[in-house]
$ cat data.txt   # compact mmCIF, C-alpha atoms
# COMPACT_ATOMS: atom_id res chain seq x y z
CA MET A 11 155.21 43.01 -16.11
CA THR A 12 153.02 39.92 -16.43
CA GLY A 13 149.53 39.81 -17.87
CA GLU A 14 148.15 39.12 -14.40
CA THR A 15 149.79 42.25 -13.02
CA ASN A 16 148.56 44.32 -15.94
CA GLU A 17 145.04 43.02 -15.35
CA ALA A 18 145.33 43.76 -11.64
CA ILE A 19 145.86 47.47 -12.23
CA ALA A 20 143.63 47.68 -15.30
CA ALA A 21 140.59 49.13 -13.56
CA PRO A 22 141.42 51.80 -10.97
CA ALA A 23 138.60 53.23 -8.90
CA ARG A 24 136.92 56.11 -10.68
CA PHE A 25 136.05 59.64 -9.71
CA ALA A 26 132.37 60.23 -9.00
CA LEU A 27 130.22 60.43 -12.14
CA PRO A 28 129.52 64.20 -11.79
CA SER A 29 133.28 64.82 -11.56
CA ARG A 30 133.94 62.82 -14.71
CA ILE A 31 131.17 64.50 -16.69
CA LEU A 32 132.28 67.99 -15.62
CA HIS A 33 135.89 67.13 -16.46
CA TRP A 34 135.14 66.09 -20.06
CA LEU A 35 132.75 68.97 -20.63
CA MET A 36 135.28 71.51 -19.41
CA ALA A 37 138.43 70.12 -21.04
CA PRO A 38 137.47 71.09 -24.65
CA MET A 39 136.42 74.56 -23.46
CA VAL A 40 139.84 75.16 -21.90
CA ILE A 41 141.63 73.82 -24.99
CA ALA A 42 139.50 76.02 -27.25
CA GLN A 43 140.14 79.07 -25.06
CA LEU A 44 143.89 78.55 -25.13
CA LEU A 45 143.86 78.11 -28.92
CA ILE A 46 141.69 81.20 -29.34
CA GLY A 47 144.08 83.21 -27.16
CA VAL A 48 147.09 82.19 -29.26
CA THR A 49 145.25 82.88 -32.52
CA MET A 50 144.12 86.30 -31.30
CA ILE A 51 147.76 87.29 -30.88
CA ALA A 52 148.89 85.79 -34.18
CA SER A 53 146.01 86.87 -36.45
CA LEU A 54 144.68 90.42 -36.18
CA SER A 55 142.22 89.89 -39.03
CA TYR A 56 140.20 87.42 -36.95
CA TYR A 57 140.65 89.34 -33.71
CA PRO A 58 137.11 90.81 -33.43
CA LEU A 59 135.45 87.44 -34.10
CA LEU A 60 137.73 85.55 -31.73
CA LEU A 61 137.28 88.20 -29.05
CA ALA A 62 133.50 87.84 -29.34
CA ILE A 63 133.95 84.11 -28.61
CA HIS A 64 136.72 84.53 -26.03
CA ARG A 65 134.72 86.67 -23.60
CA PRO A 66 131.56 84.56 -23.15
CA LEU A 67 133.63 81.36 -23.23
CA GLY A 68 135.72 82.73 -20.37
CA VAL A 69 132.55 83.38 -18.37
CA LEU A 70 131.33 79.85 -19.12
CA ILE A 71 134.66 78.41 -17.94
CA LEU A 72 134.38 80.46 -14.74
CA ALA A 73 130.88 79.09 -14.10
CA PHE A 74 132.04 75.52 -14.71
CA ALA A 75 135.09 76.06 -12.50
CA VAL A 76 132.86 77.15 -9.61
CA VAL A 77 130.61 74.11 -10.10
CA ARG A 78 133.65 71.83 -10.31
CA LEU A 79 135.11 73.29 -7.13
CA VAL A 80 131.87 72.69 -5.24
CA ASN A 81 131.73 69.18 -6.68
CA ARG A 82 135.36 68.59 -5.71
CA LEU A 83 134.71 69.62 -2.12
CA THR A 84 131.63 67.43 -1.79
CA HIS A 85 132.94 64.19 -3.32
CA ARG A 86 135.62 61.87 -2.03
CA LEU A 87 138.54 61.25 -4.37
CA PRO A 88 139.55 57.76 -5.48
CA PRO A 89 142.87 56.49 -4.10
CA PHE A 90 146.10 57.00 -5.99
CA LEU A 91 147.49 54.11 -7.97
CA ALA A 92 150.38 52.11 -6.52
CA THR A 93 152.43 53.07 -9.59
CA MET A 94 152.58 56.68 -8.36
CA SER A 95 155.43 57.59 -6.04
CA ARG A 96 154.95 59.85 -3.02
CA VAL A 97 156.58 62.75 -4.87
CA GLU A 98 154.40 62.19 -7.93
CA ARG A 99 151.31 62.18 -5.75
CA ARG A 100 152.23 65.50 -4.19
CA ILE A 101 152.92 66.99 -7.61
CA ALA A 102 149.57 65.68 -8.88
CA SER A 103 147.73 67.17 -5.91
CA TRP A 104 149.40 70.58 -6.09
CA SER A 105 149.03 70.78 -9.88
CA GLU A 106 145.32 70.10 -9.41
CA TYR A 107 145.09 72.96 -6.91
CA LEU A 108 146.96 75.23 -9.31
CA LEU A 109 144.62 74.31 -12.18
CA TYR A 110 141.55 75.06 -10.07
CA ALA A 111 143.03 78.38 -8.99
CA LEU A 112 143.92 79.42 -12.54
CA LEU A 113 140.53 78.38 -13.94
CA LEU A 114 138.87 80.58 -11.33
CA ILE A 115 141.27 83.52 -11.25
CA GLN A 116 142.04 83.88 -14.97
CA PRO A 117 138.44 84.63 -16.06
CA LEU A 118 138.00 86.99 -13.11
CA ILE A 119 141.12 88.91 -14.12
CA GLY A 120 139.82 89.14 -17.69
CA TRP A 121 136.45 90.36 -16.42
CA ALA A 122 138.07 92.96 -14.19
CA MET A 123 140.43 94.01 -17.00
CA LEU A 124 137.54 94.71 -19.36
CA SER A 125 135.65 96.48 -16.58
CA ALA A 126 138.63 98.78 -15.97
CA ALA A 127 138.64 99.68 -19.67
CA ARG A 128 134.82 99.96 -19.75
CA PHE A 129 134.61 97.36 -22.50
CA PRO A 130 131.27 95.54 -22.54
CA ILE A 131 131.22 91.84 -21.72
CA ILE A 132 128.44 90.58 -23.96
CA LEU A 133 127.11 87.12 -23.21
CA VAL A 134 124.11 86.68 -25.52
CA GLY A 135 122.29 89.48 -27.32
CA PRO A 136 121.53 92.28 -24.85
CA LEU A 137 122.78 90.29 -21.86
CA HIS A 138 125.88 91.98 -20.42
CA LEU A 139 127.94 91.38 -17.30
CA PRO A 140 128.33 94.23 -14.79
CA GLY A 141 131.71 95.83 -14.18
CA ILE A 142 133.75 94.54 -11.25
CA ALA A 143 136.66 97.02 -11.35
CA PRO A 144 136.88 100.82 -11.40
CA HIS A 145 137.42 102.54 -14.73
CA ASN A 146 141.15 103.23 -14.70
CA ILE A 147 143.64 102.84 -17.53
CA ASN A 148 146.49 102.00 -15.15
CA VAL A 149 144.45 99.27 -13.50
CA TYR A 150 143.60 97.97 -16.97
CA ALA A 151 147.29 97.84 -17.93
CA VAL A 152 148.24 95.89 -14.78
CA LEU A 153 145.35 93.46 -15.19
CA ARG A 154 146.16 92.94 -18.86
CA GLU A 155 149.71 91.93 -17.92
CA CYS A 156 148.36 89.62 -15.19
CA HIS A 157 145.96 88.07 -17.70
CA SER A 158 148.85 87.34 -20.08
CA VAL A 159 150.96 85.77 -17.32
CA GLY A 160 147.97 83.74 -16.17
CA ALA A 161 147.42 82.47 -19.71
CA PHE A 162 151.01 81.19 -19.90
CA LEU A 163 150.71 79.55 -16.47
CA LEU A 164 147.42 77.90 -17.46
CA PHE A 165 148.92 76.63 -20.72
CA ALA A 166 151.97 75.23 -18.92
CA THR A 167 149.94 73.58 -16.15
CA PHE A 168 147.36 72.13 -18.54
CA THR A 169 150.10 70.81 -20.84
CA ALA A 170 151.93 69.21 -17.90
CA HIS A 171 148.68 67.55 -16.83
CA VAL A 172 148.07 66.11 -20.29
CA CYS A 173 151.69 64.92 -20.60
CA ALA A 174 151.49 63.16 -17.22
CA VAL A 175 148.31 61.34 -18.26
CA LEU A 176 149.87 60.34 -21.59
CA PHE A 177 152.98 59.05 -19.80
CA HIS A 178 150.89 56.87 -17.50
CA THR A 179 148.68 55.71 -20.36
CA LEU A 180 151.30 55.01 -23.04
CA VAL A 181 154.46 54.23 -21.03
CA LEU A 182 153.45 52.86 -17.61
CA ARG A 183 150.16 51.51 -18.96
CA ASP A 184 148.59 51.62 -15.51
CA ARG A 185 145.37 53.01 -17.03
CA LEU A 186 145.37 56.09 -14.85
CA ILE A 187 142.97 57.71 -17.31
CA ASP A 188 140.30 55.18 -16.32
CA ARG A 189 139.88 57.12 -13.06
CA MET A 190 138.22 59.87 -15.13
CA ALA A 191 136.70 57.68 -17.86
CA VAL A 192 133.07 58.05 -18.91
CA TRP A 193 133.43 55.16 -21.34
CA PRO A 194 133.30 51.42 -20.53
CA THR A 195 136.52 50.02 -19.07
CA LYS A 196 137.78 46.57 -18.15
CA SER A 197 136.54 45.22 -14.85
CA ALA A 198 139.33 43.99 -12.60
CA SER A 199 140.48 44.23 -9.03
CA PRO A 200 142.45 47.49 -8.83
CA GLN A 201 145.90 47.55 -7.25
CA GLN A 202 145.86 50.84 -5.35
CA ASP A 203 146.94 52.57 -2.22
CA VAL A 204 144.31 53.60 0.29
CA THR A 205 145.39 57.20 0.70
CA GLN A 206 144.74 60.24 -1.51
CA ALA A 207 146.84 63.05 -0.11
$ encode --input "data.txt" --output "structure tokens"
Amino acid sequence: MTGETNEAIAAPARFALPSRILHWLMAPMVIAQLLIGVTMIASLSYYPLLLAIHRPLGVLILAFAVVRLVNRLTHRLPPFLATMSRVERRIASWSEYLLYALLLIQPLIGWAMLSAARFPIILVGPLHLPGIAPHNINVYAVLRECHSVGAFLLFATFTAHVCAVLFHTLVLRDRLIDRMAVWPTKSASPQQDVTQA
């Protein structure tokens, strides 16, 4: 690929600024939550401390996910890059839908699970969340299993997303990550398709 071609695809159209800000605020929260979840299983000595972080962080992720969904529905997406095949575009779109679904459903399952066990969901000091599920040990057991499955699905989907971005950034070098950049990027005429579906 020539320097001219590289320059031509160096600056893809970006997502709207609110989308980019929300993305980079939420990404470290999701990473931290996944790491906390793994550590909670592996280290019982830190379990109470990690659990005290895990619960309010899950609520914060839920709040951000709702805001991001509203933002997603009210802002037009930038076009896909020409380097992405039709199959890759469909995978990217459906993986995005799956991520949104998991980021919304997973905290709700955790909230309902704790409600079924009558465990308090402490946010800050005396501020607690109300229960959203009936007190029932069988319901708790089912929701706990669903929460574990959801965690694995979220980890797999999030990891696939990161790997795809790294592949485009380090191998294809089409600067796909610039679509979500909040840092200065090169200014050039982007080589893109006009559709985003």
$ closest_residue --input "data.txt" --among "A:Met39, A:Ala174, A:Leu61, A:Leu114" --to "Val76 of chain A" --atoms "all atoms listed in the file"
A:Leu114
$ residues_around --input "data.txt" --residues "segment 128-133 of chain A" --least-positions-apart "5" --cutoff "9 Å" --atoms "only C-alpha atoms" --output "ChimeraX atom specification"
/A:62,65-67,69,121,123,138-141,144-146
$ atom_distance --input "data.txt" --atom1 "atom CA of Phe177 of chain A" --atom2 "atom CA of Leu91 of chain A"
13.9 Å
$ closest_residue --input "data.txt" --among "A:Arg82, A:Arg183, A:Arg154, A:Arg189" --to "Ala122 of chain A" --atoms "all atoms listed in the file"
A:Arg154
$ atom_distance --input "data.txt" --atom1 "atom CA of Val159 of chain A" --atom2 "atom CA of Leu118 of chain A"
13.7 Å
$ residues_near_point --input "data.txt" --point "(137.7, 82.9, -15.7)" --cutoff "9 Å" --atoms "all atoms listed in the file" --output "PyMOL selection string"
chain A and resi 67-73+75+112-121
$ write_last_selection --input "data.txt" --atoms "C-alpha atoms" --output "PDB file, in the coordinates of the input"
ATOM      1  CA  LEU A  67     133.630  81.360 -23.230  1.00  0.00           C
ATOM      2  CA  GLY A  68     135.720  82.730 -20.370  1.00  0.00           C
ATOM      3  CA  VAL A  69     132.550  83.380 -18.370  1.00  0.00           C
ATOM      4  CA  LEU A  70     131.330  79.850 -19.120  1.00  0.00           C
ATOM      5  CA  ILE A  71     134.660  78.410 -17.940  1.00  0.00           C
ATOM      6  CA  LEU A  72     134.380  80.460 -14.740  1.00  0.00           C
ATOM      7  CA  ALA A  73     130.880  79.090 -14.100  1.00  0.00           C
ATOM      8  CA  ALA A  75     135.090  76.060 -12.500  1.00  0.00           C
ATOM      9  CA  LEU A 112     143.920  79.420 -12.540  1.00  0.00           C
ATOM     10  CA  LEU A 113     140.530  78.380 -13.940  1.00  0.00           C
ATOM     11  CA  LEU A 114     138.870  80.580 -11.330  1.00  0.00           C
ATOM     12  CA  ILE A 115     141.270  83.520 -11.250  1.00  0.00           C
ATOM     13  CA  GLN A 116     142.040  83.880 -14.970  1.00  0.00           C
ATOM     14  CA  PRO A 117     138.440  84.630 -16.060  1.00  0.00           C
ATOM     15  CA  LEU A 118     138.000  86.990 -13.110  1.00  0.00           C
ATOM     16  CA  ILE A 119     141.120  88.910 -14.120  1.00  0.00           C
ATOM     17  CA  GLY A 120     139.820  89.140 -17.690  1.00  0.00           C
ATOM     18  CA  TRP A 121     136.450  90.360 -16.420  1.00  0.00           C
TER      19      TRP A 121
END
$ atom_distance --input "data.txt" --atom1 "atom CA of Val149 of chain A" --atom2 "atom CA of Leu60 of chain A"
23.8 Å
$ closest_residue --input "data.txt" --among "A:Leu180, A:Thr169, A:Ser53, A:Thr93" --to "Val40 of chain A" --atoms "all atoms listed in the file"
A:Thr169
$ closest_residue --input "data.txt" --among "A:Val48, A:Ala42, A:Met94, A:Leu59" --to "Ser158 of chain A" --atoms "all atoms listed in the file"
A:Val48
$ closest_residue --input "data.txt" --among "A:Thr49, A:Asn81, A:Gln43, A:Thr195" --to "Ile63 of chain A" --atoms "all atoms listed in the file"
A:Gln43
$ residues_around --input "data.txt" --residues "segment 23-30 of chain A" --least-positions-apart "3" --cutoff "8 Å" --atoms "all atoms listed in the file" --output "PyMOL selection string"
chain A and resi 33-34+78+81-82+85-89+188-192+200
$ build_atoms --input "data.txt" --residues "segment 172-193 of chain A" --atoms "N, CA and C atoms" --output "mmCIF file, in the frame of the given file"
data_model
loop_
_atom_site.group_PDB
_atom_site.id
_atom_site.type_symbol
_atom_site.label_atom_id
_atom_site.label_comp_id
_atom_site.auth_asym_id
_atom_site.auth_seq_id
_atom_site.Cartn_x
_atom_site.Cartn_y
_atom_site.Cartn_z
ATOM 1 N N VAL A 172 148.302 67.006 -19.158
ATOM 2 C CA VAL A 172 148.070 66.110 -20.290
ATOM 3 C C VAL A 172 149.275 65.190 -20.514
ATOM 4 N N CYS A 173 150.472 65.734 -20.408
ATOM 5 C CA CYS A 173 151.690 64.920 -20.600
ATOM 6 C C CYS A 173 151.795 63.835 -19.534
ATOM 7 N N ALA A 174 151.437 64.152 -18.294
ATOM 8 C CA ALA A 174 151.490 63.160 -17.220
ATOM 9 C C ALA A 174 150.506 62.022 -17.484
ATOM 10 N N VAL A 175 149.306 62.366 -17.950
ATOM 11 C CA VAL A 175 148.310 61.340 -18.260
ATOM 12 C C VAL A 175 148.778 60.470 -19.423
ATOM 13 N N LEU A 176 149.358 61.099 -20.443
ATOM 14 C CA LEU A 176 149.870 60.340 -21.590
ATOM 15 C C LEU A 176 151.006 59.417 -21.177
ATOM 16 N N PHE A 177 151.875 59.883 -20.269
ATOM 17 C CA PHE A 177 152.980 59.050 -19.800
ATOM 18 C C PHE A 177 152.452 57.811 -19.079
ATOM 19 N N HIS A 178 151.469 58.011 -18.221
ATOM 20 C CA HIS A 178 150.890 56.870 -17.500
ATOM 21 C C HIS A 178 150.150 55.936 -18.451
ATOM 22 N N THR A 179 149.494 56.518 -19.456
ATOM 23 C CA THR A 179 148.680 55.710 -20.360
ATOM 24 C C THR A 179 149.533 54.941 -21.368
ATOM 25 N N LEU A 180 150.540 55.609 -21.947
ATOM 26 C CA LEU A 180 151.300 55.010 -23.040
ATOM 27 C C LEU A 180 152.590 54.316 -22.583
ATOM 28 N N VAL A 181 153.184 54.788 -21.487
ATOM 29 C CA VAL A 181 154.460 54.230 -21.030
ATOM 30 C C VAL A 181 154.241 53.251 -19.869
ATOM 31 N N LEU A 182 153.674 53.736 -18.762
ATOM 32 C CA LEU A 182 153.450 52.860 -17.610
ATOM 33 C C LEU A 182 152.275 51.904 -17.831
ATOM 34 N N ARG A 183 151.334 52.327 -18.645
ATOM 35 C CA ARG A 183 150.160 51.510 -18.960
ATOM 36 C C ARG A 183 149.407 51.051 -17.709
ATOM 37 N N ASP A 184 149.322 51.943 -16.738
ATOM 38 C CA ASP A 184 148.590 51.620 -15.510
ATOM 39 C C ASP A 184 147.126 52.071 -15.593
ATOM 40 N N ARG A 185 146.735 52.607 -16.755
ATOM 41 C CA ARG A 185 145.370 53.010 -17.030
ATOM 42 C C ARG A 185 144.859 54.060 -16.029
ATOM 43 N N LEU A 186 145.737 54.983 -15.742
ATOM 44 C CA LEU A 186 145.370 56.090 -14.850
ATOM 45 C C LEU A 186 144.161 56.850 -15.384
ATOM 46 N N ILE A 187 144.064 56.952 -16.702
ATOM 47 C CA ILE A 187 142.970 57.710 -17.310
ATOM 48 C C ILE A 187 141.609 57.118 -17.003
ATOM 49 N N ASP A 188 141.580 55.825 -16.640
ATOM 50 C CA ASP A 188 140.300 55.180 -16.320
ATOM 51 C C ASP A 188 139.657 55.793 -15.077
ATOM 52 N N ARG A 189 140.451 56.449 -14.238
ATOM 53 C CA ARG A 189 139.880 57.120 -13.060
ATOM 54 C C ARG A 189 138.878 58.199 -13.466
ATOM 55 N N MET A 190 139.083 58.785 -14.648
ATOM 56 C CA MET A 190 138.220 59.870 -15.130
ATOM 57 C C MET A 190 137.406 59.449 -16.349
ATOM 58 N N ALA A 191 137.376 58.155 -16.654
ATOM 59 C CA ALA A 191 136.700 57.680 -17.860
ATOM 60 C C ALA A 191 135.184 57.746 -17.729
ATOM 61 N N VAL A 192 134.522 58.123 -18.828
ATOM 62 C CA VAL A 192 133.070 58.050 -18.910
ATOM 63 C C VAL A 192 132.662 56.976 -19.909
ATOM 64 N N TRP A 193 133.653 56.248 -20.409
ATOM 65 C CA TRP A 193 133.430 55.160 -21.340
ATOM 66 C C TRP A 193 133.634 53.825 -20.618
#
